[in-house]
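Report on the structure given below.
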Amino acid sequence: MLTNSQINECFNTMKQMFPEAHCELVHSNPFELVIAVALSAQCTDALVNKVTKGLFEKYKKPEDFLSVSLEELQNDIRSIGLYRNKAKNIRNLCELLLQEYGGEVPRDRDELIKLPGVGRKTANVVVSVAFDFPAIAVDTHVERVSKRLGICKWKDSVLDVEKTLMRKVSKEEWSNTHHRLIFFGRYHCKAQSPKCRICPLLHLCREGKKRMKKGTVSSES
């Protein structure tokens, strides 16, 4: 496991590498962000953005999603994985927003988690990006990078990773660190082809050292 000093070095390096890291899901309001994040489960942001470009032109508010059949909504998001289940969740989410929240996206994380298809990660993204409340959303990139570097333990759950990062990072930097970890994992420390050979954190990374020793790193990485 890394020391606090080493963890700070990791985050400072990521800040230098990705100073403009941000949420890449295109949206113009909290409602669109909730829909986009819900669609992004097991799917790339790039694909979600392709789908939501037309989706958000057709559906502006919760009532719009409820004005069409489930089959029509499914067809609108068919290119996204798990589209049937996601379409059902979107309709149920919109119904609950209208019934319990006056059609507005709640600002409280616990209330957000009550929405169909919205888990802790999605709720953290929404409160952070839409409402500027400090939060760390642990997606596959954040979890992978945190465990590879040794910031967290391999056996840690997603919630354990979140709690560890919240302890190790000052609250005012939670949201920024979350985005930098995602960018680092998405564009540098990739799942299949991490760029270990050119990584400025190789001297700290337990996983990278193992890969280099075993010779499992490609010449392009």
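Chains: A, B, ... in order of the structure tokens. Residues: from 1 per chain. Ligands: from 1, in order shown.
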Report task. Compile the contact shell of A:Asp132 as a list in words: residues with an atom at most 9 Å away, counting only C-alpha atoms, same-chain residues fewer than 5 positions apart removed. Result -> Val126, Val127 and Ser175 of chain A
Output file for the residues above (N, CA, C and O atoms, as a PDB file, in the first residue's frame):
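Here's the written file result-v8.pdb:
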ATOM      1  N   VAL A 126     -24.088  12.903 -10.097  1.00  0.00           N
ATOM      2  CA  VAL A 126     -25.087  13.958 -10.236  1.00  0.00           C
ATOM      3  C   VAL A 126     -24.894  15.062  -9.206  1.00  0.00           C
ATOM      4  O   VAL A 126     -24.902  16.246  -9.548  1.00  0.00           O
ATOM      5  N   VAL A 127     -24.701  14.701  -7.930  1.00  0.00           N
ATOM      6  CA  VAL A 127     -24.542  15.751  -6.912  1.00  0.00           C
ATOM      7  C   VAL A 127     -23.263  16.540  -7.151  1.00  0.00           C
ATOM      8  O   VAL A 127     -23.207  17.743  -6.887  1.00  0.00           O
ATOM      9  N   SER A 175     -14.235  16.020  -6.023  1.00  0.00           N
ATOM     10  CA  SER A 175     -14.808  15.971  -7.378  1.00  0.00           C
ATOM     11  C   SER A 175     -13.730  16.029  -8.452  1.00  0.00           C
ATOM     12  O   SER A 175     -13.767  15.270  -9.430  1.00  0.00           O
TER      13      SER A 175
END
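Restricting the calculation to only C-alpha atoms, the smallest distance between A:Tyr83 and any of A:Leu2, A:Leu70, A:Ile7, A:Val161 is found for A:Leu70.
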Query raised in the report: Per DSSP on the backbone, what are the helix (DSSP H, G or I) residues of stretch 17-141 of chain A, as a ChimeraX atom specification?
Result: /A:17,30-39,45-58,62-66,70-76,83-100,109-113,120-129,140-141
List every residue of stretch 60-177 of chain A that has an atom at most 8 Å from any atom of stretch 27-46 of chain A, giving for each one its closest atom pair and the distance in Å to one decimal, counting only C-alpha atoms, sorted by chain and then by ascending residue number, as JSON lines.
{"residue": "A:Lys61", "atom": "CA", "partner": "A:Phe31", "partner_atom": "CA", "distance": 7.5}
{"residue": "A:Ile80", "atom": "CA", "partner": "A:Cys43", "partner_atom": "CA", "distance": 6.9}
{"residue": "A:Gly81", "atom": "CA", "partner": "A:Cys43", "partner_atom": "CA", "distance": 6.5}
{"residue": "A:Lys86", "atom": "CA", "partner": "A:Leu39", "partner_atom": "CA", "distance": 6.5}
{"residue": "A:Ile90", "atom": "CA", "partner": "A:Ile35", "partner_atom": "CA", "distance": 7.0}
{"residue": "A:Glu104", "atom": "CA", "partner": "A:Phe31", "partner_atom": "CA", "distance": 7.4}
{"residue": "A:Val105", "atom": "CA", "partner": "A:Phe31", "partner_atom": "CA", "distance": 6.0}
{"residue": "A:Gly117", "atom": "CA", "partner": "A:Ala38", "partner_atom": "CA", "distance": 6.1}
{"residue": "A:Val118", "atom": "CA", "partner": "A:Ala38", "partner_atom": "CA", "distance": 6.4}
{"residue": "A:Thr122", "atom": "CA", "partner": "A:Val37", "partner_atom": "CA", "distance": 6.1}
{"residue": "A:Val125", "atom": "CA", "partner": "A:Val37", "partner_atom": "CA", "distance": 7.9}
{"residue": "A:Val126", "atom": "CA", "partner": "A:Val34", "partner_atom": "CA", "distance": 6.5}
{"residue": "A:Ala130", "atom": "CA", "partner": "A:Pro30", "partner_atom": "CA", "distance": 5.3}
{"residue": "A:Phe131", "atom": "CA", "partner": "A:Pro30", "partner_atom": "CA", "distance": 8.0}
Would you export the selected residues with C-alpha atoms as an mmCIF file, in the first residue's frame, please?
data_model
loop_
_atom_site.group_PDB
_atom_site.id
_atom_site.type_symbol
_atom_site.label_atom_id
_atom_site.label_comp_id
_atom_site.auth_asym_id
_atom_site.auth_seq_id
_atom_site.Cartn_x
_atom_site.Cartn_y
_atom_site.Cartn_z
ATOM 1 C CA LYS A 61 -38.655 16.563 -19.589
ATOM 2 C CA ILE A 80 -26.863 0.922 -25.962
ATOM 3 C CA GLY A 81 -26.255 -2.251 -23.957
ATOM 4 C CA LYS A 86 -32.585 0.877 -19.082
ATOM 5 C CA ILE A 90 -35.991 5.620 -17.327
ATOM 6 C CA GLU A 104 -37.220 18.101 -10.540
ATOM 7 C CA VAL A 105 -34.061 16.082 -9.879
ATOM 8 C CA GLY A 117 -31.627 2.806 -12.162
ATOM 9 C CA VAL A 118 -29.714 5.246 -9.954
ATOM 10 C CA THR A 122 -24.725 7.690 -10.417
ATOM 11 C CA VAL A 125 -21.866 11.951 -10.252
ATOM 12 C CA VAL A 126 -25.087 13.958 -10.236
ATOM 13 C CA ALA A 130 -24.941 19.000 -11.537
ATOM 14 C CA PHE A 131 -25.022 20.533 -8.066
#
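Around stretch 141-146 of chain A, within 6 Å and counting only C-alpha atoms, the residues found are A:Ile151, A:Cys152, A:Leu181, A:Ile182, A:Gly185, once anything fewer than 4 positions away on its own chain is removed.
By only C-alpha atoms, and with residues fewer than 4 positions from A:Val169 along its chain excluded, the set lying at most 12 Å from it is A:Asn4, A:Ser5, A:Ile7, A:Asn8, A:Glu9, A:Cys10, A:Phe11, A:Asn12, A:Pro134, A:Ala135, A:Ile136, A:Ile151, A:Glu162, A:Lys163, A:Thr164, A:Leu165, A:Glu173, A:Trp174, A:Ser175, A:Asn176, A:Thr177, A:His178.
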Query raised in the report: Quick one: of A:Leu47, A:Cys199, A:Leu112, A:Ala87, who's nearest to A:Glu71, counting only C-alpha atoms?
Result: A:Ala87
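Omitting A:Lys209 and its sequence neighbours fewer than 5 positions away, and counting only C-alpha atoms, the residues within 10 Å are Leu149, Cys196, Arg197, Leu202, His203, Leu204, Lys214 and Gly215 of chain A.
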